[in-house]
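Colleague: What follows is target_9.txt, made up of compact mmCIF, C-alpha atoms:
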```txt
# COMPACT_ATOMS: atom_id res chain seq x y z
CA MET G 1 0.00 0.00 0.00
CA LYS G 2 2.65 2.44 1.03
CA ARG G 3 4.92 1.79 -1.97
CA THR G 4 2.21 2.07 -4.59
CA PRO G 5 1.89 5.88 -4.71
CA VAL G 6 5.66 6.26 -5.05
CA LYS G 7 5.78 3.76 -7.90
CA ARG G 8 2.81 5.47 -9.58
CA ARG G 9 4.52 8.84 -9.52
CA TYR G 10 7.59 7.33 -11.14
CA ASP G 11 5.51 5.60 -13.81
CA ALA G 12 3.48 8.73 -14.48
CA ALA G 13 6.59 10.75 -15.27
CA GLY G 14 7.95 7.99 -17.51
CA ARG G 15 4.63 7.60 -19.25
CA GLN G 16 4.37 11.34 -19.87
CA ARG G 17 7.81 11.35 -21.49
CA ALA G 18 6.90 8.39 -23.67
CA ALA G 19 3.62 10.04 -24.66
CA GLU G 20 5.49 13.21 -25.64
CA GLN G 21 7.94 11.21 -27.76
CA THR G 22 5.06 9.43 -29.47
CA ARG G 23 3.38 12.77 -30.16
CA ILE G 24 6.53 14.19 -31.74
CA ALA G 25 7.10 11.02 -33.81
CA ILE G 26 3.53 11.28 -35.14
CA LEU G 27 3.98 14.94 -36.04
CA HIS G 28 7.27 14.30 -37.82
CA ALA G 29 5.64 11.45 -39.76
CA ALA G 30 2.69 13.69 -40.67
CA ARG G 31 4.98 16.48 -41.89
CA ARG G 32 7.02 14.07 -44.02
CA LEU G 33 3.93 12.58 -45.65
CA PHE G 34 2.07 15.89 -46.17
CA LEU G 35 5.14 17.35 -47.90
CA ALA G 36 5.73 14.23 -50.01
CA ARG G 37 2.14 13.42 -51.06
CA GLY G 38 0.03 16.45 -50.26
CA TYR G 39 -2.78 16.66 -47.72
CA ALA G 40 -5.64 14.97 -49.58
CA ARG G 41 -3.62 11.87 -50.51
CA THR G 42 -2.38 11.29 -46.95
CA THR G 43 -4.59 9.34 -44.56
CA VAL G 44 -4.39 9.12 -40.77
CA ALA G 45 -3.66 5.41 -41.26
CA ASP G 46 -0.65 6.31 -43.46
CA ILE G 47 0.62 8.61 -40.73
CA ALA G 48 0.14 5.95 -38.06
CA GLY G 49 2.05 3.47 -40.24
CA GLU G 50 4.89 5.94 -40.87
CA ALA G 51 5.14 6.69 -37.13
CA GLU G 52 4.78 2.99 -36.26
CA VAL G 53 1.85 3.53 -33.91
CA ALA G 54 -1.80 2.45 -33.92
CA VAL G 55 -4.37 4.65 -35.69
CA ASP G 56 -6.16 5.18 -32.36
CA THR G 57 -2.93 6.50 -30.88
CA VAL G 58 -2.83 9.24 -33.54
CA TYR G 59 -6.37 10.33 -32.63
CA ALA G 60 -5.72 10.12 -28.88
CA SER G 61 -2.38 11.87 -29.07
CA ILE G 62 -3.21 14.72 -31.47
CA GLY G 63 -6.55 14.27 -33.20
CA THR G 64 -7.88 14.40 -36.74
CA LYS G 65 -5.87 15.02 -39.90
CA GLN G 66 -6.86 18.68 -39.72
CA ALA G 67 -5.64 18.91 -36.11
CA LEU G 68 -2.34 17.41 -37.26
CA MET G 69 -1.97 20.08 -39.94
CA GLN G 70 -2.91 22.86 -37.51
CA THR G 71 -0.38 21.59 -34.95
CA LEU G 72 2.35 21.42 -37.60
CA VAL G 73 1.62 25.00 -38.67
CA GLU G 74 1.77 26.21 -35.05
CA HIS G 75 5.09 24.44 -34.55
CA ALA G 76 6.50 25.88 -37.79
CA ILE G 77 5.55 29.34 -36.55
CA SER G 78 6.97 28.88 -33.04
CA GLY G 79 10.02 26.89 -34.15
CA LEU G 80 9.46 24.56 -31.19
CA ASP G 81 7.59 21.32 -30.58
CA ARG G 82 4.70 23.30 -29.15
CA ALA G 83 2.57 26.34 -30.01
CA VAL G 84 3.79 29.56 -28.38
CA PRO G 85 1.57 32.68 -28.11
CA ALA G 86 3.13 35.66 -29.94
CA GLU G 87 3.82 37.68 -26.79
CA GLU G 88 5.84 34.79 -25.32
CA ARG G 89 8.09 34.22 -28.35
CA ASP G 90 11.76 35.08 -27.83
CA TYR G 91 12.00 37.34 -30.87
CA VAL G 92 8.91 39.29 -29.82
CA ARG G 93 10.50 39.95 -26.41
CA ALA G 94 13.81 40.93 -28.05
CA ILE G 95 12.02 43.36 -30.40
CA ARG G 96 10.10 44.96 -27.51
CA ALA G 97 13.32 45.40 -25.50
CA GLU G 98 15.15 47.02 -28.45
CA PRO G 99 14.76 50.83 -28.45
CA ASP G 100 15.80 51.52 -32.08
CA ALA G 101 13.24 51.11 -34.88
CA ARG G 102 15.81 50.01 -37.49
CA LYS G 103 17.06 47.27 -35.18
CA LYS G 104 13.49 46.22 -34.35
CA LEU G 105 12.80 45.78 -38.09
CA ALA G 106 16.04 43.87 -38.62
CA LEU G 107 15.19 41.53 -35.71
CA TYR G 108 11.71 40.98 -37.09
CA ALA G 109 12.95 40.35 -40.66
CA HIS G 110 15.33 37.73 -39.26
CA ALA G 111 12.55 36.04 -37.28
CA ILE G 112 10.16 36.11 -40.23
CA ARG G 113 12.76 34.58 -42.53
CA GLN G 114 13.14 31.67 -40.11
CA VAL G 115 9.37 31.24 -39.83
CA HIS G 116 9.05 31.28 -43.65
CA GLU G 117 11.81 28.68 -44.04
CA ARG G 118 9.86 26.29 -41.81
CA LEU G 119 6.37 27.31 -42.87
CA ALA G 120 6.65 27.85 -46.66
CA PRO G 121 6.64 24.17 -47.73
CA LEU G 122 3.71 23.48 -45.41
CA THR G 123 1.88 26.57 -46.65
CA GLU G 124 2.04 25.31 -50.22
CA VAL G 125 0.51 21.99 -49.16
CA LEU G 126 -2.09 23.71 -47.03
CA LYS G 127 -3.16 26.13 -49.74
CA ALA G 128 -3.48 23.34 -52.30
CA ALA G 129 -5.75 21.47 -49.91
CA ALA G 130 -7.65 24.51 -48.64
CA ALA G 131 -9.19 25.04 -52.09
CA ALA G 132 -11.26 21.89 -51.59
CA ASP G 133 -11.45 21.74 -47.77
CA GLU G 134 -13.44 24.39 -45.90
CA ASP G 135 -11.96 23.54 -42.49
CA LEU G 136 -8.45 24.09 -43.81
CA ALA G 137 -9.52 27.29 -45.56
CA ARG G 138 -10.84 28.53 -42.18
CA LEU G 139 -7.61 27.50 -40.46
CA TRP G 140 -5.58 29.46 -43.01
CA LYS G 141 -7.81 32.51 -42.59
CA LYS G 142 -7.55 32.30 -38.79
CA ILE G 143 -3.75 32.33 -38.99
CA ALA G 144 -3.80 35.28 -41.43
CA ASP G 145 -6.16 37.23 -39.13
CA ARG G 146 -4.01 36.54 -36.09
CA ARG G 147 -0.96 37.74 -38.02
CA ALA G 148 -2.83 40.96 -38.91
CA ALA G 149 -3.68 41.59 -35.23
CA ASN G 150 -0.06 40.96 -34.17
CA MET G 151 1.12 43.45 -36.80
CA ARG G 152 -0.99 46.14 -35.15
CA LEU G 153 0.92 45.58 -31.89
CA PHE G 154 4.26 45.57 -33.69
CA ALA G 155 3.40 48.80 -35.57
CA ALA G 156 2.38 50.51 -32.31
CA ASP G 157 5.73 49.48 -30.83
CA LEU G 158 7.50 50.96 -33.88
CA GLU G 159 5.55 54.20 -33.63
CA ALA G 160 6.57 54.59 -29.98
CA THR G 161 10.19 55.04 -31.16
CA GLY G 162 9.17 58.25 -32.93
CA GLN G 163 11.03 57.03 -36.02
CA LEU G 164 8.06 56.39 -38.34
CA ARG G 165 8.19 58.42 -41.54
CA GLU G 166 5.95 61.49 -41.69
CA GLY G 167 2.55 60.56 -43.09
CA VAL G 168 2.84 56.88 -42.09
CA ASP G 169 0.49 56.07 -39.20
CA VAL G 170 0.22 52.88 -37.12
CA GLU G 171 -2.55 51.49 -39.31
CA GLU G 172 -0.60 51.95 -42.53
CA ALA G 173 2.62 50.58 -41.03
CA ALA G 174 0.71 47.52 -39.76
CA ASP G 175 -0.98 46.92 -43.13
CA VAL G 176 2.26 47.27 -45.09
CA ILE G 177 4.21 44.91 -42.82
CA TRP G 178 1.31 42.47 -42.88
CA ALA G 179 1.12 42.49 -46.69
CA THR G 180 4.88 42.17 -47.18
CA ASN G 181 5.57 39.45 -44.62
CA ALA G 182 3.15 36.97 -46.20
CA THR G 183 4.72 33.56 -46.85
CA GLU G 184 3.58 33.83 -50.49
CA LEU G 185 6.10 36.62 -51.14
CA TYR G 186 8.95 34.58 -49.66
CA VAL G 187 7.96 31.70 -51.95
CA LEU G 188 7.92 34.01 -54.99
CA LEU G 189 11.44 35.30 -54.39
CA VAL G 190 13.18 32.26 -52.89
CA ASP G 191 11.51 29.45 -54.86
CA GLY G 192 10.54 31.49 -57.91
CA ARG G 193 13.60 33.70 -58.38
CA GLY G 194 16.27 31.69 -56.59
CA TRP G 195 17.00 34.23 -53.83
CA SER G 196 18.82 32.82 -50.81
CA PRO G 197 16.96 33.16 -47.49
CA ASP G 198 19.78 35.54 -46.47
CA LYS G 199 19.21 37.80 -49.46
CA PHE G 200 15.49 37.79 -48.71
CA GLU G 201 16.05 38.77 -45.06
CA VAL G 202 18.41 41.65 -45.92
CA TRP G 203 16.06 42.95 -48.61
CA LEU G 204 12.95 42.71 -46.40
CA ALA G 205 14.56 44.58 -43.50
CA GLY G 206 15.85 47.25 -45.89
CA ALA G 207 12.54 47.59 -47.72
CA TRP G 208 10.68 48.10 -44.42
CA MET G 209 13.19 50.75 -43.34
CA ARG G 210 12.92 52.56 -46.70
CA LEU G 211 9.12 52.39 -46.66
CA LEU G 212 8.31 53.11 -43.05
CA LEU G 213 11.09 55.04 -41.32
CA ARG G 214 12.45 58.55 -41.53
CA ASP G 215 15.76 58.79 -43.39
CA MET P 216 -7.03 19.18 -92.41
CA THR P 217 -8.16 19.89 -96.00
CA ARG P 218 -11.66 18.81 -95.19
CA THR P 219 -11.88 21.09 -92.20
CA ALA P 220 -10.80 24.08 -94.23
CA LYS P 221 -13.31 23.25 -96.92
CA ARG P 222 -16.10 22.84 -94.43
CA ARG P 223 -15.31 26.18 -92.84
CA ARG P 224 -15.89 27.95 -96.13
CA TYR P 225 -19.46 26.75 -96.12
CA GLU P 226 -20.16 28.21 -92.69
CA SER P 227 -22.17 31.39 -92.81
CA PRO P 228 -20.60 34.59 -91.43
CA LEU P 229 -23.73 34.92 -89.32
CA ARG P 230 -23.06 31.62 -87.63
CA ALA P 231 -19.42 32.61 -86.97
CA ASP P 232 -20.60 35.86 -85.35
CA GLN P 233 -23.03 33.90 -83.23
CA ALA P 234 -20.23 31.54 -82.14
CA ARG P 235 -18.06 34.51 -81.15
CA LEU P 236 -20.88 36.03 -79.13
CA THR P 237 -21.51 32.74 -77.37
CA SER P 238 -17.89 32.19 -76.41
CA ARG P 239 -17.64 35.82 -75.30
CA ALA P 240 -20.70 35.36 -73.04
CA ILE P 241 -19.17 32.20 -71.58
CA VAL P 242 -15.83 33.90 -70.87
CA GLU P 243 -17.63 36.90 -69.32
CA ALA P 244 -19.57 34.54 -67.05
CA ALA P 245 -16.38 32.65 -66.15
CA ALA P 246 -14.52 35.90 -65.34
CA GLY P 247 -17.38 37.04 -63.09
CA LEU P 248 -17.57 33.76 -61.21
CA PHE P 249 -13.82 33.18 -60.83
CA SER P 250 -13.45 36.77 -59.57
CA ALA P 251 -16.20 36.31 -57.01
CA LYS P 252 -15.44 32.80 -55.77
CA GLY P 253 -11.91 31.79 -56.75
CA TYR P 254 -11.06 28.73 -58.83
CA ALA P 255 -12.00 25.57 -56.90
CA ALA P 256 -15.44 26.81 -55.85
CA VAL P 257 -16.61 27.43 -59.45
CA SER P 258 -17.96 24.55 -61.57
CA VAL P 259 -18.33 24.37 -65.34
CA ASP P 260 -22.05 23.88 -64.70
CA ALA P 261 -22.24 27.18 -62.83
CA ILE P 262 -20.49 28.96 -65.71
CA ALA P 263 -22.85 27.34 -68.23
CA GLU P 264 -25.84 28.44 -66.20
CA ALA P 265 -24.58 32.01 -65.79
CA ALA P 266 -23.92 32.24 -69.55
CA GLY P 267 -27.29 30.67 -70.38
CA VAL P 268 -25.81 27.81 -72.42
CA SER P 269 -25.43 24.07 -71.97
CA ARG P 270 -22.45 22.44 -70.32
CA ALA P 271 -21.51 20.86 -73.67
CA THR P 272 -21.47 24.29 -75.34
CA VAL P 273 -19.01 25.56 -72.73
CA PHE P 274 -16.61 22.74 -73.57
CA THR P 275 -16.93 23.02 -77.36
CA SER P 276 -16.74 26.79 -77.59
CA VAL P 277 -14.08 27.56 -74.92
CA GLY P 278 -12.92 24.39 -73.14
CA GLY P 279 -12.57 23.03 -69.61
CA LYS P 280 -11.99 24.98 -66.41
CA PRO P 281 -8.28 25.79 -66.96
CA ALA P 282 -9.05 27.12 -70.48
CA LEU P 283 -11.96 29.14 -69.08
CA LEU P 284 -9.68 30.67 -66.46
CA LYS P 285 -7.04 31.53 -69.04
CA GLU P 286 -9.58 33.26 -71.28
CA ALA P 287 -11.14 35.02 -68.28
CA PHE P 288 -7.70 36.39 -67.40
CA ARG P 289 -7.07 37.54 -70.99
CA LEU P 290 -10.44 39.27 -71.02
CA ALA P 291 -9.90 41.04 -67.67
CA PHE P 292 -6.35 42.02 -68.59
CA GLY P 293 -7.30 43.25 -72.06
CA ARG P 294 -10.15 45.29 -70.66
CA ALA P 295 -7.97 46.72 -67.88
CA ALA P 296 -5.26 47.72 -70.35
CA GLY P 297 -7.86 49.42 -72.53
CA ALA P 298 -6.97 47.51 -75.65
CA PRO P 299 -9.49 45.60 -77.75
CA ASP P 300 -6.73 43.28 -78.98
CA VAL P 301 -5.68 41.28 -75.94
CA SER P 302 -2.56 39.96 -77.65
CA MET P 303 -0.96 43.42 -77.87
CA PRO P 304 2.07 43.54 -75.51
CA LEU P 305 1.51 45.81 -72.54
CA VAL P 306 4.49 48.05 -73.35
CA ASP P 307 3.04 48.90 -76.79
CA ARG P 308 -0.34 49.98 -75.50
CA PRO P 309 -1.34 53.67 -75.51
CA ARG P 310 -1.25 54.02 -71.69
CA SER P 311 2.20 52.48 -71.53
CA ARG P 312 3.43 54.88 -74.19
CA THR P 313 2.18 57.76 -72.04
CA VAL P 314 4.11 56.35 -69.05
CA ARG P 315 7.26 55.98 -71.14
CA ALA P 316 7.04 59.57 -72.33
CA ALA P 317 8.02 60.72 -68.80
CA THR P 318 11.53 62.19 -68.81
CA THR P 319 12.42 61.77 -65.11
CA ALA P 320 12.55 58.48 -63.22
CA PRO P 321 10.16 59.58 -60.42
CA ALA P 322 7.59 60.80 -62.98
CA TYR P 323 7.97 57.53 -64.86
CA LEU P 324 7.39 55.47 -61.68
CA THR P 325 4.39 57.60 -60.68
CA GLY P 326 2.85 56.92 -64.10
CA TYR P 327 3.71 53.23 -63.86
CA ALA P 328 2.16 52.94 -60.38
CA SER P 329 -1.01 54.51 -61.74
CA LEU P 330 -1.09 52.05 -64.65
CA CYS P 331 -0.54 49.09 -62.29
CA THR P 332 -3.30 50.26 -59.96
CA SER P 333 -5.88 50.44 -62.72
CA LEU P 334 -4.76 47.07 -64.11
CA HIS P 335 -4.95 45.46 -60.69
CA SER P 336 -8.32 46.95 -59.94
CA HIS P 337 -9.70 45.07 -62.98
CA MET P 338 -7.84 41.81 -62.76
CA ALA P 339 -6.49 41.24 -59.22
CA ARG P 340 -9.38 38.91 -58.36
CA VAL P 341 -8.91 36.74 -61.44
CA TYR P 342 -5.16 36.77 -60.75
CA GLU P 343 -5.77 35.45 -57.23
CA ALA P 344 -7.99 32.72 -58.71
CA ILE P 345 -5.02 31.65 -60.86
CA ARG P 346 -2.72 31.69 -57.81
CA GLU P 347 -5.21 29.57 -55.89
CA GLY P 348 -5.84 27.12 -58.75
CA SER P 349 -2.10 26.74 -59.42
CA HIS P 350 -1.70 24.79 -56.19
CA ALA P 351 -4.06 22.02 -57.23
CA ASP P 352 -4.26 21.87 -61.05
CA PRO P 353 -1.25 21.29 -63.38
CA ASP P 354 -2.80 23.28 -66.27
CA VAL P 355 -3.52 26.23 -64.00
CA HIS P 356 0.00 25.90 -62.63
CA ALA P 357 1.32 26.25 -66.19
CA LEU P 358 -0.83 29.36 -66.70
CA TRP P 359 0.45 30.74 -63.38
CA LEU P 360 4.07 30.28 -64.50
CA GLU P 361 3.26 31.89 -67.85
CA VAL P 362 1.66 35.04 -66.38
CA ASN P 363 4.46 35.33 -63.83
CA ALA P 364 7.13 35.05 -66.53
CA GLU P 365 5.31 37.71 -68.55
CA ARG P 366 5.25 40.00 -65.48
CA ARG P 367 8.95 39.38 -64.94
CA ARG P 368 9.74 40.39 -68.56
CA GLY P 369 7.68 43.54 -68.02
CA ALA P 370 9.59 44.26 -64.77
CA ALA P 371 12.93 44.04 -66.61
CA THR P 372 11.65 46.63 -69.11
CA ILE P 373 10.65 48.94 -66.26
CA VAL P 374 14.12 48.69 -64.69
CA ALA P 375 15.81 49.38 -68.04
CA ASP P 376 13.58 52.43 -68.53
CA VAL P 377 14.34 53.73 -65.03
CA LYS P 378 18.05 53.13 -65.54
CA ALA P 379 17.92 55.20 -68.71
CA ARG P 380 16.57 58.10 -66.65
CA ALA P 381 18.40 57.83 -63.32
CA ARG P 382 21.02 55.95 -61.34
CA LEU P 383 19.75 52.86 -59.46
CA ARG P 384 19.98 52.84 -55.65
CA ALA P 385 23.55 52.12 -54.49
CA GLY P 386 24.29 48.38 -54.33
CA LEU P 387 21.21 47.39 -56.37
CA ASP P 388 21.96 45.26 -59.44
CA GLU P 389 19.54 45.11 -62.38
CA GLU P 390 18.44 41.52 -61.83
CA THR P 391 17.57 42.13 -58.18
CA ALA P 392 15.87 45.39 -59.14
CA ALA P 393 13.68 43.57 -61.68
CA ASP P 394 12.84 40.87 -59.10
CA VAL P 395 11.76 43.58 -56.66
CA VAL P 396 9.63 45.37 -59.29
CA TRP P 397 8.14 41.99 -60.16
CA LEU P 398 7.33 41.43 -56.49
CA LEU P 399 5.83 44.90 -56.04
CA ASN P 400 3.71 44.75 -59.20
CA ASP P 401 2.24 41.40 -58.18
CA PRO P 402 -1.53 42.07 -57.84
CA VAL P 403 -1.39 40.34 -54.44
CA HIS P 404 -0.53 43.69 -52.80
CA PHE P 405 -3.57 45.36 -54.33
CA HIS P 406 -5.63 42.38 -53.26
CA MET P 407 -4.41 42.47 -49.67
CA LEU P 408 -4.33 46.22 -49.12
CA VAL P 409 -7.40 47.34 -51.12
CA PHE P 410 -9.74 44.33 -51.04
CA VAL P 411 -8.80 42.92 -47.62
CA ARG P 412 -7.65 46.02 -45.69
CA GLY P 413 -9.97 48.48 -47.40
CA TRP P 414 -7.44 51.06 -48.64
CA PRO P 415 -8.87 53.51 -51.20
CA GLU P 416 -7.29 52.95 -54.64
CA GLU P 417 -5.66 56.42 -54.55
CA LYS P 418 -3.89 55.53 -51.31
CA PHE P 419 -2.64 52.29 -52.84
CA GLU P 420 -1.45 54.08 -55.98
CA LYS P 421 0.56 56.61 -53.92
CA TRP P 422 2.01 53.85 -51.76
CA LEU P 423 3.07 51.80 -54.79
CA ALA P 424 4.71 54.83 -56.43
CA ARG P 425 6.64 55.54 -53.25
CA ALA P 426 7.60 51.90 -52.76
CA LEU P 427 8.92 51.64 -56.34
CA GLU P 428 10.83 54.89 -55.94
CA ALA P 429 12.31 53.88 -52.56
CA GLU P 430 13.33 50.46 -53.88
CA LEU P 431 14.80 51.55 -57.21
CA LEU P 432 16.15 55.00 -56.46
CA GLY P 433 16.50 55.07 -52.65
CA SER P 434 14.30 56.97 -50.22
```
As C-alpha cells - that is how I would like this structure written.

Modeller:
Amino acid sequence: MKRTPVKRRYDAAGRQRAAEQTRIAILHAARRLFLARGYARTTVADIAGEAEVAVDTVYASIGTKQALMQTLVEHAISGLDRAVPAEERDYVRAIRAEPDARKKLALYAHAIRQVHERLAPLTEVLKAAAAADEDLARLWKKIADRRAANMRLFAADLEATGQLREGVDVEEAADVIWATNATELYVLLVDGRGWSPDKFEVWLAGAWMRLLLRD
Amino acid sequence: MTRTAKRRRYESPLRADQARLTSRAIVEAAAGLFSAKGYAAVSVDAIAEAAGVSRATVFTSVGGKPALLKEAFRLAFGRAAGAPDVSMPLVDRPRSRTVRAATTAPAYLTGYASLCTSLHSHMARVYEAIREGSHADPDVHALWLEVNAERRRGAATIVADVKARARLRAGLDEETAADVVWLLNDPVHFHMLVFVRGWPEEKFEKWLARALEAELLGS
C-alpha cells in the first residue's frame, strides 16, 4: 500500500515522457507525408504506419488530420515542438526590448525569414488542400487574421520610437508589414527567383526601413 | 485538315458571329464567377448556367476549367489595359506609351504605379484565382508560371527604362531590381491592401509609387 503511490509517480513521469515522444514522432511522420504526397492523398492510417503507432494512438495523441496540420503549422511558426503565443516568443521579447526602430525591423525580418523557411513548404501543401477543404480554408484565414492583429501591436511598438516616416500612421505601417511578410512573397522570391533566405532577409529589412522610417 | 478548311468555307458569317458572341458570353460569365469565388469553388455547370448555355457548349466553344480561367484572365487584362486586342504587348499599348514619355525616373514610376493600380483593380481577383488554382491543377499551374514570366519580362523593361533616366539605388543590381519590381507589381498587394484592408485605390497608388521609388532610387 505504502509503496504504490511512489511507484505510480515514477511511472506517471515515464509515461508522460513516452507520450510526448510518441506525439513528436507522429507529427514528424505527418509532416514528411504531407510534404511528399500532399494533404488529400495522406490518410491518418498512413501517418500511423509511418510513425509505427496504432491509428487510435494518432487520434488520442493529437486528433484528426486537420488537427495534425494545424499543430504542424503552429510548430512551424513557433520553431518549437509546441505552439507559443506571440507575446511569449523570444524574438517578440527581443524586439520589444530594443529601443531603435531600425534594429526592431532587422530583428523581425530575421525572425520572419526563419518562420518562412519552416512554414513555406507546409503553406504550399495547405493552400493546395484549402481550395477543396473548408476547415483548412478557415484555419488558413484564422492564422492570417491573427498575423494581422499581431502586426498592429508591432506597428504601435515601432511608432513609440518616434522614427516612423511622416505621413505613415500605425494602421498603414501595420498593413504594409502584414502584406509584405506573407509567406507567399517569400515563396515568390526564394523558390521562384532563386533568392537565398539571407538575401530575402536583408532585402525585407531594408525595404521596411525605406518604406516606413524617416531617413 | 483539307476537309476542315473546306467545311469552314461553307459556314455562314452569321453563324461565326453567333459563335463569337456565345464564347464571349461564356468567358464573361467565367470571369465574373472566378473573380467572385476563386477557382475551386466554381464549376463548369455554374459557368454554363450564368452564360445561359449548356455544359456541352461551354466545352466546345471555350474548353474546360483551366481554359476558361485563361480566357477570363485575358479578357480582364485586355479590358484593364484598354486595348481591344488582348494579344498586344503591354508596353506597346497607348497608356504604356504615355508612361514611357516621362523624362524623369520619379515621374515615370508615378505613371507606372497609376497604370498598375488600374490594371490590378480590374484583374487582381482573377489573378488570385489563378494563384489559388495553381496549387491544385497542373494546367492552371502552367498558366500561373506563364503570367508570372510575362510579369517578370515587363519588370525588366521597367528597370531598363528607369536606368535610362536615373542611377539605381547604391548596391542594387539590375536583376535584383527587376525581381523587386516583379514582387511589387504582383496584384497580391492590391488584393491584400485594397480588397482585404480596405485602402482607397488612390492611397494604394501613392504607396506603390513611393515603394517603387524607394526600392529603385533610394528613399

Colleague: Could you check the closest approach to chain G for each of P:Val409, P:Leu283, P:Ala266, P:Ala244 and tell me which residue wins, using all atoms listed in the file?

Modeller: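 That would be P:Val409, the residue with the smallest distance to chain G.
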
Colleague: Considering all atoms listed in the file, can you say which of G:Tyr186, G:Leu105, G:Val125, G:Ala120 comes closest to Leu213 (chain G)?

Modeller: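 Smallest separation from Leu213 (chain G) among the options: G:Leu105.
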
Colleague: Where does chain G meet chain P within 8 Å, residue by residue, with the nearest atom pair and distance in Å to one decimal for each, counting all atoms listed in the file, listed by chain and rising number, as a tab-separated table?

Modeller:
```
residue	atom	partner	partner_atom	distance
G:Glu124	CA	P:His350	CA	7.1
G:Val125	CA	P:His350	CA	7.9
G:Lys127	CA	P:His350	CA	6.7
G:Ala128	CA	P:His350	CA	4.5
G:Ala129	CA	P:Ala351	CA	7.5
G:Ala131	CA	P:Ala255	CA	5.6
G:Ala132	CA	P:Ala255	CA	6.5
G:Asp175	CA	P:Leu408	CA	6.9
G:Val176	CA	P:Leu408	CA	7.8
G:Ala179	CA	P:Met407	CA	6.3
G:Thr180	CA	P:His404	CA	7.9
G:Leu185	CA	P:Leu398	CA	7.3
G:Leu188	CA	P:Leu398	CA	7.6
G:Leu189	CA	P:Asp394	CA	7.4
G:Arg193	CA	P:Asp394	CA	7.2
G:Ala207	CA	P:Glu430	CA	6.8
G:Arg210	CA	P:Ser434	CA	5.8
G:Leu211	CA	P:Ala426	CA	6.3
G:Asp215	CA	P:Ser434	CA	7.2
```

Colleague: Measuring atom to atom with only C-alpha atoms, identify which of P:Ala296, P:Val268, P:Ala261, P:Leu423 is nearest to Ala234 (chain P).

Modeller: P:Val268

Colleague: Would you mind listing what lies within 12 Å of region 165-167 of chain G as a list in words, with only C-alpha atoms counted and same-chain residues fewer than 3 positions away left out?

Modeller: Ala101, Leu158, Glu159, Thr161, Gly162, Val170, Glu171, Glu172, Ala173, Trp208, Met209, Arg210, Leu211, Leu212, Leu213, Arg214 and Asp215 of chain G; Lys418, Lys421, Trp422 and Ser434 of chain P

Colleague: Between CA of Glu264 (chain P) and CA of Ile241 (chain P), what is the distance in Å, rounded to a tenth?

Modeller: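 Those two atoms sit 9.4 Å apart.
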
Colleague: At a cut-off of 8 Å, using all atoms listed in the file, what residues contact region 41-47 of chain G? Leave out same-chain residues fewer than 3 positions from it and give the result as a list in words.

Modeller: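 Counting only the stated atoms, we get Ile26, Ala29, Ala30, Leu33, Phe34, Arg37, Gly38, Glu50, Ala51, Val55, Val58, Thr64 and Lys65 of chain G.
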
Colleague: Would you pick out the contacts of Ala106 (chain G) at 9 Å or less, using only C-alpha atoms, so that residues sharing its chain but fewer than 4 positions from it are not included, and give the list as JSON, numbers by chain?

Modeller: {"G": [101, 102, 110, 111, 201, 202, 204, 205, 206, 208, 209]}

Colleague: Could you check the closest approach to Thr325 (chain P) for each of P:Ser258, P:Thr275, P:Glu417, P:Val355 and tell me which residue wins, using all atoms listed in the file?

Modeller: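 Residue with the minimum atom-to-atom distance to Thr325 (chain P): P:Glu417.
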
Colleague: Enter the distance from CA of Phe292 (chain P) to CA of His337 (chain P), in Å, rounded to one decimal.

Modeller: 7.2 Å

Colleague: With all atoms listed in the file as the basis for distance, which of G:Leu72, G:Leu126, G:Leu139, G:Val84 is at the shortest distance from Arg23 (chain G)?

Modeller: G:Leu72

Colleague: In Å, how far is it from CA of Gly297 (chain P) to CA of Pro321 (chain P)?

Modeller: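 Spanning CA of Gly297 (chain P) to CA of Pro321 (chain P) is a straight-line distance of 24.0 Å.
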
Colleague: Rank P:Gly267, P:Ala339, P:Lys280, P:Thr272 by their smallest atom-to-atom distance to Ala245 (chain P), using all atoms listed in the file, and report the top residue only.

Modeller: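 Smallest distance to Ala245 (chain P) is found for P:Lys280.
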
Colleague: So that I can check the surroundings of region 246-248 of chain P, please list as a tab-separated table (two decimals) with C-alpha atoms, in the coordinates of the input every protein, DNA and RNA residue that reaches within 7 Å of it, counting only C-alpha atoms and ignoring chain neighbours fewer than 5 positions away.

Modeller:
```
chain	number	residue	atom	x	y	z
P	257	VAL	CA	-16.61	27.43	-59.45
P	287	ALA	CA	-11.14	35.02	-68.28
P	341	VAL	CA	-8.91	36.74	-61.44
```

Colleague: Could the centre and edge lengths of an axis-aligned box, enclosing all atoms of region 134-142 of chain G in the file with 3 Å extra on each side, be given in Å to one decimal as AutoDock Vina command-line options?

Modeller:
```
--center_x -9.5 --center_y 28.0 --center_z -42.3 --size_x 13.9 --size_y 15.0 --size_z 13.1
```
